[in-house]
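**Q** This is coords-v4.cif, which holds mmCIF, C-alpha atoms and all ligand atoms:
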```cif
data_final
loop_
_atom_site.label_atom_id
_atom_site.label_comp_id
_atom_site.auth_asym_id
_atom_site.auth_seq_id
_atom_site.Cartn_x
_atom_site.Cartn_y
_atom_site.Cartn_z
CA MET M 13 14.03 -12.48 -5.37
CA GLY M 14 11.06 -11.18 -3.45
CA ALA M 15 7.47 -10.95 -4.62
CA ALA M 16 6.29 -8.28 -7.04
CA LEU M 17 2.98 -6.72 -7.98
CA GLU M 18 3.03 -6.06 -11.70
CA ILE M 19 0.33 -3.92 -13.24
CA ARG M 20 0.47 -4.04 -17.01
CA ASN M 21 -1.50 -1.81 -19.36
CA LEU M 22 -4.50 -1.85 -17.03
CA HIS M 23 -7.71 -0.39 -18.46
CA VAL M 24 -10.76 -0.09 -16.20
CA ASN M 25 -14.29 1.13 -16.81
CA VAL M 26 -16.78 2.31 -14.25
CA GLU M 27 -20.34 2.21 -15.54
CA ASP M 28 -19.01 1.96 -19.11
CA LYS M 29 -16.86 5.04 -18.65
CA PRO M 30 -13.11 4.53 -19.05
CA ILE M 31 -11.38 5.60 -15.82
CA LEU M 32 -8.00 3.87 -15.98
CA ARG M 33 -6.49 4.13 -19.44
CA GLY M 34 -3.38 1.96 -19.49
CA VAL M 35 -1.63 1.87 -16.12
CA ASP M 36 1.82 0.28 -15.86
CA LEU M 37 3.45 -0.07 -12.46
CA ILE M 38 5.71 -2.61 -10.75
CA ILE M 39 6.09 -2.72 -6.98
CA ARG M 40 8.62 -5.09 -5.46
CA GLN M 41 9.06 -6.23 -1.87
CA GLY M 42 11.31 -3.75 -0.08
CA GLU M 43 10.20 -0.76 -2.19
CA VAL M 44 7.93 2.07 -1.10
CA HIS M 45 6.08 3.76 -3.94
CA ALA M 46 3.90 6.83 -3.65
CA LEU M 47 1.05 7.34 -6.08
CA MET M 48 -0.04 10.95 -6.27
CA GLY M 49 -2.28 12.98 -8.50
CA PRO M 50 -5.15 15.44 -8.45
CA ASN M 51 -8.61 14.42 -7.24
CA GLY M 52 -10.51 12.32 -9.73
CA SER M 53 -7.40 11.08 -11.54
CA GLY M 54 -8.16 7.41 -10.79
CA LYS M 55 -5.97 6.60 -7.78
CA SER M 56 -8.72 5.05 -5.66
CA THR M 57 -10.06 3.26 -8.72
CA LEU M 58 -6.70 1.50 -9.01
CA ALA M 59 -6.79 0.55 -5.31
CA ASN M 60 -10.37 -0.70 -5.59
CA VAL M 61 -9.58 -2.82 -8.64
CA LEU M 62 -6.62 -4.38 -6.85
CA MET M 63 -8.98 -5.07 -3.96
CA GLY M 64 -11.35 -6.91 -6.28
CA SER M 65 -14.30 -4.57 -6.04
CA PRO M 66 -17.05 -5.74 -8.43
CA THR M 67 -18.05 -2.19 -9.45
CA TYR M 68 -14.97 -1.92 -11.63
CA GLU M 69 -14.70 -3.61 -15.01
CA VAL M 70 -11.24 -4.49 -16.25
CA THR M 71 -11.39 -4.09 -20.03
CA ALA M 72 -7.71 -4.73 -20.81
CA GLY M 73 -4.40 -5.48 -19.20
CA GLN M 74 -3.12 -7.73 -16.47
CA VAL M 75 -2.11 -7.73 -12.83
CA ILE M 76 0.42 -10.34 -11.76
CA PHE M 77 1.11 -10.83 -8.06
CA ASP M 78 3.97 -13.09 -7.05
CA GLY M 79 3.62 -14.92 -10.36
CA GLN M 80 -0.17 -15.38 -10.14
CA ASP M 81 -2.98 -13.72 -12.06
CA LEU M 82 -4.37 -11.42 -9.37
CA LEU M 83 -7.55 -10.53 -11.23
CA GLU M 84 -8.60 -14.19 -11.18
CA MET M 85 -8.23 -14.44 -7.39
CA GLU M 86 -10.94 -13.89 -4.78
CA ALA M 87 -10.33 -11.13 -2.22
CA ASP M 88 -9.43 -13.60 0.53
CA GLU M 89 -7.03 -15.44 -1.78
CA ARG M 90 -5.32 -12.13 -2.51
CA SER M 91 -4.88 -11.56 1.19
CA ARG M 92 -3.55 -15.06 1.86
CA ALA M 93 -1.10 -14.71 -1.00
CA GLY M 94 0.41 -11.74 0.83
CA LEU M 95 -1.33 -8.70 -0.62
CA PHE M 96 -2.68 -6.29 1.94
CA LEU M 97 -5.35 -3.84 1.03
CA ALA M 98 -6.48 -1.23 3.44
CA PHE M 99 -10.25 -1.11 3.88
CA GLN M 100 -10.51 -4.75 3.05
CA TYR M 101 -12.79 -5.06 6.07
CA PRO M 102 -14.30 -1.59 6.48
CA ILE M 103 -17.36 -2.92 8.26
CA SER M 104 -18.04 -2.59 11.94
CA ILE M 105 -19.06 -5.90 13.47
CA PRO M 106 -21.03 -5.52 16.71
CA GLY M 107 -19.46 -7.52 19.52
CA VAL M 108 -16.21 -8.27 17.66
CA THR M 109 -13.15 -6.64 19.10
CA LEU M 110 -10.14 -5.68 17.06
CA ALA M 111 -8.20 -8.48 18.79
CA ASN M 112 -10.89 -11.07 17.93
CA PHE M 113 -10.89 -9.87 14.39
CA LEU M 114 -7.12 -10.02 14.02
CA ARG M 115 -7.08 -13.53 15.47
CA LEU M 116 -9.70 -14.62 12.92
CA ALA M 117 -7.62 -13.08 10.15
CA ILE M 118 -4.42 -14.82 11.29
CA ASN M 119 -6.22 -18.14 11.66
CA ALA M 120 -7.70 -17.84 8.18
CA HIS M 121 -4.18 -17.45 6.84
CA ILE M 122 -2.84 -20.37 8.90
CA LYS M 123 -5.71 -22.67 7.95
CA ALA M 124 -5.28 -21.88 4.28
CA GLU M 125 -1.74 -23.25 4.56
CA LYS M 126 -2.53 -26.09 6.98
CA PRO M 127 -6.20 -27.11 6.95
CA ASP M 128 -5.78 -29.32 10.04
CA SER M 129 -4.25 -26.61 12.19
CA LYS M 130 -6.22 -25.32 15.17
CA GLY M 131 -4.79 -21.87 14.52
CA ILE M 132 -2.70 -19.66 16.75
CA SER M 133 -2.84 -20.40 20.49
CA VAL M 134 -4.21 -17.80 22.91
CA GLY M 135 -0.78 -17.41 24.47
CA ASP M 136 1.05 -16.98 21.17
CA PHE M 137 -1.58 -14.55 19.96
CA ARG M 138 -1.23 -12.43 23.11
CA LYS M 139 2.52 -12.37 22.68
CA LEU M 140 2.24 -11.42 19.02
CA MET M 141 -0.24 -8.62 19.72
CA LYS M 142 1.90 -7.23 22.52
CA GLU M 143 5.00 -7.26 20.34
CA LYS M 144 3.26 -5.62 17.38
CA MET M 145 1.41 -3.00 19.44
CA ASP M 146 4.55 -2.09 21.37
CA GLY M 147 6.42 -1.76 18.09
CA LEU M 148 3.82 0.73 16.89
CA HIS M 149 3.54 2.49 20.27
CA MET M 150 -0.12 1.59 20.58
CA GLU M 151 -2.04 1.34 23.83
CA HIS M 152 -2.88 -2.33 24.51
CA SER M 153 -6.45 -1.36 25.42
CA PHE M 154 -7.01 -0.42 21.78
CA ALA M 155 -7.20 -4.12 20.83
CA GLY M 156 -10.20 -4.49 23.13
CA ARG M 157 -12.26 -1.93 21.22
CA TYR M 158 -15.11 -3.11 19.01
CA LEU M 159 -13.96 -3.09 15.43
CA ASN M 160 -14.56 0.27 13.77
CA GLU M 161 -17.42 1.13 16.15
CA GLY M 162 -17.15 4.84 16.69
CA PHE M 163 -13.54 4.85 15.50
CA SER M 164 -12.16 8.23 14.52
CA GLY M 165 -10.31 8.56 11.22
CA GLY M 166 -7.03 8.18 13.10
CA GLU M 167 -8.23 5.09 14.97
CA LYS M 168 -9.40 3.43 11.76
CA LYS M 169 -5.95 4.01 10.31
CA ARG M 170 -4.36 2.68 13.50
CA ALA M 171 -6.46 -0.51 13.26
CA GLU M 172 -5.44 -0.82 9.64
CA ILE M 173 -1.71 -0.43 10.38
CA LEU M 174 -1.97 -2.95 13.23
CA GLN M 175 -3.67 -5.39 10.87
CA MET M 176 -0.81 -4.87 8.44
CA ALA M 177 1.79 -5.42 11.18
CA VAL M 178 0.13 -8.65 12.27
CA LEU M 179 -0.46 -10.11 8.80
CA GLU M 180 3.03 -9.19 7.52
CA PRO M 181 2.03 -8.80 3.87
CA LYS M 182 4.51 -8.86 1.00
CA ILE M 183 2.87 -5.89 -0.68
CA ALA M 184 0.52 -3.38 0.95
CA ILE M 185 -1.72 -0.85 -0.76
CA LEU M 186 -2.74 2.07 1.40
CA ASP M 187 -5.25 4.49 -0.05
CA GLU M 188 -5.58 7.80 1.70
CA THR M 189 -9.14 8.40 0.64
CA ASP M 190 -9.03 12.15 0.35
CA SER M 191 -12.12 12.96 2.33
CA GLY M 192 -12.22 13.24 6.07
CA LEU M 193 -8.53 12.60 6.58
CA ASP M 194 -7.20 14.46 9.56
CA ILE M 195 -3.63 15.14 10.59
CA ASP M 196 -3.81 12.41 13.22
CA ALA M 197 -4.75 9.82 10.59
CA LEU M 198 -2.00 10.99 8.28
CA ARG M 199 0.55 10.74 11.06
CA VAL M 200 -0.58 7.24 12.05
CA VAL M 201 -0.21 5.98 8.51
CA SER M 202 3.17 7.56 7.93
CA GLU M 203 4.60 6.39 11.25
CA GLY M 204 3.20 2.91 10.69
CA VAL M 205 4.72 2.60 7.24
CA VAL M 206 8.06 3.93 8.49
CA LYS M 207 8.10 1.38 11.35
CA LEU M 208 7.05 -1.57 9.20
CA ARG M 209 9.29 -0.65 6.31
CA GLY M 210 11.96 -3.23 5.49
CA PRO M 211 13.18 -5.69 2.88
CA ASN M 212 10.03 -7.80 3.18
CA LEU M 213 7.47 -5.05 2.70
CA GLY M 214 6.56 -3.44 -0.57
CA ALA M 215 4.09 -0.58 -0.31
CA LEU M 216 2.00 1.60 -2.57
CA VAL M 217 0.97 4.67 -0.63
CA ILE M 218 -1.78 6.53 -2.43
CA THR M 219 -2.16 10.14 -1.46
CA HIS M 220 -2.71 13.57 -2.82
CA TYR M 221 -1.07 15.13 0.19
CA GLN M 222 2.59 15.84 -0.45
CA ARG M 223 3.02 16.25 3.29
CA ILE M 224 2.79 12.54 4.11
CA LEU M 225 5.81 11.96 1.87
CA ASN M 226 7.96 14.17 4.09
CA TYR M 227 7.62 11.44 6.72
CA ILE M 228 7.64 8.35 4.56
CA LYS M 229 10.32 9.29 2.00
CA PRO M 230 9.24 6.94 -0.79
CA ASP M 231 11.77 5.27 -3.06
CA TYR M 232 9.61 6.09 -6.09
CA VAL M 233 6.94 8.67 -6.78
CA HIS M 234 4.35 8.38 -9.55
CA VAL M 235 1.81 10.92 -10.70
CA MET M 236 -1.53 9.80 -12.03
CA TYR M 237 -3.50 12.08 -14.30
CA GLN M 238 -6.67 11.19 -16.19
CA GLY M 239 -6.24 7.48 -15.59
CA GLN M 240 -2.59 7.16 -16.58
CA ILE M 241 0.74 7.43 -14.82
CA VAL M 242 2.17 10.44 -16.58
CA GLU M 243 5.31 11.01 -14.53
CA SER M 244 7.57 8.80 -12.37
CA GLY M 245 10.65 9.69 -10.43
CA GLY M 246 12.41 9.64 -7.10
CA PRO M 247 11.53 11.50 -3.90
CA ASP M 248 12.47 14.81 -5.52
CA LEU M 249 9.37 14.53 -7.71
CA ALA M 250 7.23 14.85 -4.58
CA LEU M 251 9.12 18.01 -3.60
CA GLN M 252 8.62 19.40 -7.07
CA LEU M 253 4.88 18.78 -6.74
CA GLU M 254 4.84 20.42 -3.33
CA GLU M 255 6.34 23.57 -4.80
CA ALA M 256 4.63 23.68 -8.17
CA GLY M 257 1.37 21.76 -7.64
CA TYR M 258 -0.13 19.75 -10.47
CA ASP M 259 -0.48 22.53 -13.05
CA TRP M 260 2.75 21.69 -14.84
CA ILE M 261 1.61 18.06 -15.11
CA ARG M 262 -1.62 19.23 -16.73
CA GLU M 263 0.27 21.49 -19.12
CA LYS M 264 2.73 18.76 -19.97
CA VAL M 265 -0.01 16.25 -20.75
CA GLU M 266 -2.41 18.59 -22.50
CA GLY M 267 0.29 20.63 -24.23
P1 LIG M 301 -8.94 9.73 -7.11
O1 LIG M 301 -8.85 8.67 -6.08
O2 LIG M 301 -7.68 9.94 -7.87
O3 LIG M 301 -9.47 11.03 -6.57
P2 LIG M 301 -11.09 8.13 -8.22
O4 LIG M 301 -10.47 6.84 -8.64
O5 LIG M 301 -11.84 8.15 -6.95
O6 LIG M 301 -9.99 9.28 -8.24
O7 LIG M 301 -12.06 8.63 -9.36
C1 LIG M 301 -11.69 8.68 -10.74
C2 LIG M 301 -12.93 8.92 -11.57
O8 LIG M 301 -13.74 7.76 -11.54
C3 LIG M 301 -13.80 10.06 -11.09
O9 LIG M 301 -14.28 10.75 -12.22
C4 LIG M 301 -14.92 9.35 -10.35
O10 LIG M 301 -16.09 10.12 -10.42
C5 LIG M 301 -15.05 8.06 -11.10
N1 LIG M 301 -15.48 6.96 -10.23
C6 LIG M 301 -14.70 6.29 -9.36
N2 LIG M 301 -15.40 5.35 -8.71
C7 LIG M 301 -16.66 5.43 -9.17
C8 LIG M 301 -17.88 4.71 -8.88
N3 LIG M 301 -17.91 3.72 -7.98
N4 LIG M 301 -18.98 5.07 -9.56
C9 LIG M 301 -18.94 6.07 -10.46
N5 LIG M 301 -17.85 6.78 -10.78
C10 LIG M 301 -16.72 6.47 -10.14
MG MG M 302 -9.09 8.67 -3.98
#
```
Could you take the file, read its structure, and then write that structure out as structure tokens?
**A**
Amino acid sequence: MGAALEIRNLHVNVEDKPILRGVDLIIRQGEVHALMGPNGSGKSTLANVLMGSPTYEVTAGQVIFDGQDLLEMEADERSRAGLFLAFQYPISIPGVTLANFLRLAINAHIKAEKPDSKGISVGDFRKLMKEKMDGLHMEHSFAGRYLNEGFSGGEKKRAEILQMAVLEPKIAILDETDSGLDIDALRVVSEGVVKLRGPNLGALVITHYQRILNYIKPDYVHVMYQGQIVESGGPDLALQLEEAGYDWIREKVEG
């Protein structure tokens, strides 16, 4: 049995206002889930809570990751346990290249397991980067860029997908923050998820664009509305949303 991320009856407030109102969702290794829903429905709030952002107050419910209480874990512990959250490191660090950064991230994971380890060797790291970048059809020169400095939306996504490829998480959460997302960025994310997909990767792809799901073909599709998952189904649910939009969801919920 692989790892699972189990979200149970999760209630979250932002500045005393209830935003998530009882979310239930289980993502297992090997499964790709899409979380859709209109703007403002709470999708990014869910991602941010899973990331451990302090702005969000969990008022009820639980999140269990691979048998552990996720909400009690620090952000770096979550990462070392095998949860990958996009935008975990959204900062640009002057003078730190993407390669440097990825090496630091790998070494942090290695040293958490084996405190005496010196980390990955230069040779092994080069080999790993080459293998991962080739697998994603990325130019090797990209790894020499300074992290997030002047990155386009597509390049930020590319860095994120590379980070995911290198860290090999059990479960990955990818939030397509709805603003400023261009076609290039969408394509990078979908191709990356398709390439990395396999029995060891569970993914929650958060998007309000139906289009991305034409590439990714999720195993499960969920619709969030006003802080709850109001509809779940297979890939055909995404097609239904593409044709009919979210109005029927609204009508169904509000009667
Ligand atoms: P989605 O990602 O589905 O578009 P969000 O989770 O971003 O939705 O937002 C859900 C609701 O929570 C919105 O009404 C938004 O204004 C509010 N919200 C989210 N984050 C914050 C925050 N940091 N401060 C204040 N309000 C927030
Ligand atoms: Mg959002």
**Q** Produce as a PyMOL selection string the set of residues near ligand LIG 301 (chain M), where near means within 9 Å with all atoms listed in the file considered.
**A** chain M and resi 25-27+29-32+48-60+67-68+187-190+218-220+236-239
**Q** Pick the closest to ligand MG 302 (chain M) from M:Leu95, M:Leu179, M:Leu37, M:Leu186: which is it, counting all atoms listed in the file?
**A** M:Leu186
**Q** Mind checking which residues fall within 10 Å of Phe137 of chain M, counting all atoms listed in the file, ignoring those fewer than 6 positions away in the same chain, and posting them as a PyMOL selection string?
**A** chain M and resi 111+114-115+118+131+143+178
**Q** List the spatial neighbours of Val235 of chain M as a PDB file with C-alpha atoms, keeping the file's coordinate frame - criterion: any atom at most 7 Å away, all atoms listed in the file, same-chain residues fewer than 6 positions off excluded.
**A**
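For reference, result31.pdb as written:
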```pdb
ATOM      1  CA  LEU M  47       1.050   7.340  -6.080  1.00  0.00           C
ATOM      2  CA  MET M  48      -0.040  10.950  -6.270  1.00  0.00           C
ATOM      3  CA  GLY M  49      -2.280  12.980  -8.500  1.00  0.00           C
ATOM      4  CA  ILE M 241       0.740   7.430 -14.820  1.00  0.00           C
ATOM      5  CA  VAL M 242       2.170  10.440 -16.580  1.00  0.00           C
ATOM      6  CA  GLU M 243       5.310  11.010 -14.530  1.00  0.00           C
ATOM      7  CA  SER M 244       7.570   8.800 -12.370  1.00  0.00           C
TER       8      SER M 244
END
```
**Q** At what distance in Å, to one decimal, does atom CA of Ser91 of chain M lie from atom CA of His121 of chain M?
**A** 8.2 Å
**Q** Return the single residue from M:Asp259, M:Asp81, M:Asp231, M:Asp146 that is closest to Val44 of chain M, with distances computed using only C-alpha atoms.
**A**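 Of M:Asp259, M:Asp81, M:Asp231, M:Asp146, the one nearest Val44 of chain M is M:Asp231, counting only C-alpha atoms.
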**Q** Report, in Å to a single decimal, how far apart atom CA of Pro66 of chain M and atom CA of Asp28 of chain M are.
**A**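 Atom CA of Asp28 of chain M sits 13.3 Å away from atom CA of Pro66 of chain M.
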**Q** Using all atoms listed in the file, which residue out of M:Lys123, M:Asn112, M:Val24, M:Asn212 lies closest to Gln240 of chain M?
**A** M:Val24
**Q** Would you mind reading off the distance between atom CA of Phe113 of chain M and atom CA of Asp136 of chain M, one decimal, in Å?
**A**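 These two atoms are separated by 15.5 Å.
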**Q** Out of M:Val200, M:Val217, M:Ile224, M:Ala250, which residue has the shortest atom-to-atom distance to ligand MG 302 (chain M) when counting all atoms listed in the file?
**A** M:Val217
**Q** Could you name the residues that touch Tyr232 of chain M at 9 Å or less, counting all atoms listed in the file, but leaving out those on the same chain fewer than 4 positions away, as an MDAnalysis selection string?
**A** chainID M and resid 43:47 244:247 249
**Q** Axis-aligned box over every listed atom of segment 127-130 of chain M, padded by 8 Å per side: centre and edges in Å to one decimal, as JSON?
**A**
```
{"center_x": -5.2, "center_y": -27.3, "center_z": 11.1, "size_x": 18.0, "size_y": 20.0, "size_z": 24.2}
```
**Q** Which one is closest to Glu254 of chain M: M:His23, M:Tyr221, M:Asp78, M:Lys229? Count all atoms listed in the file.
**A**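 Once distances to Glu254 of chain M are computed over all atoms listed in the file, the minimum belongs to M:Tyr221.
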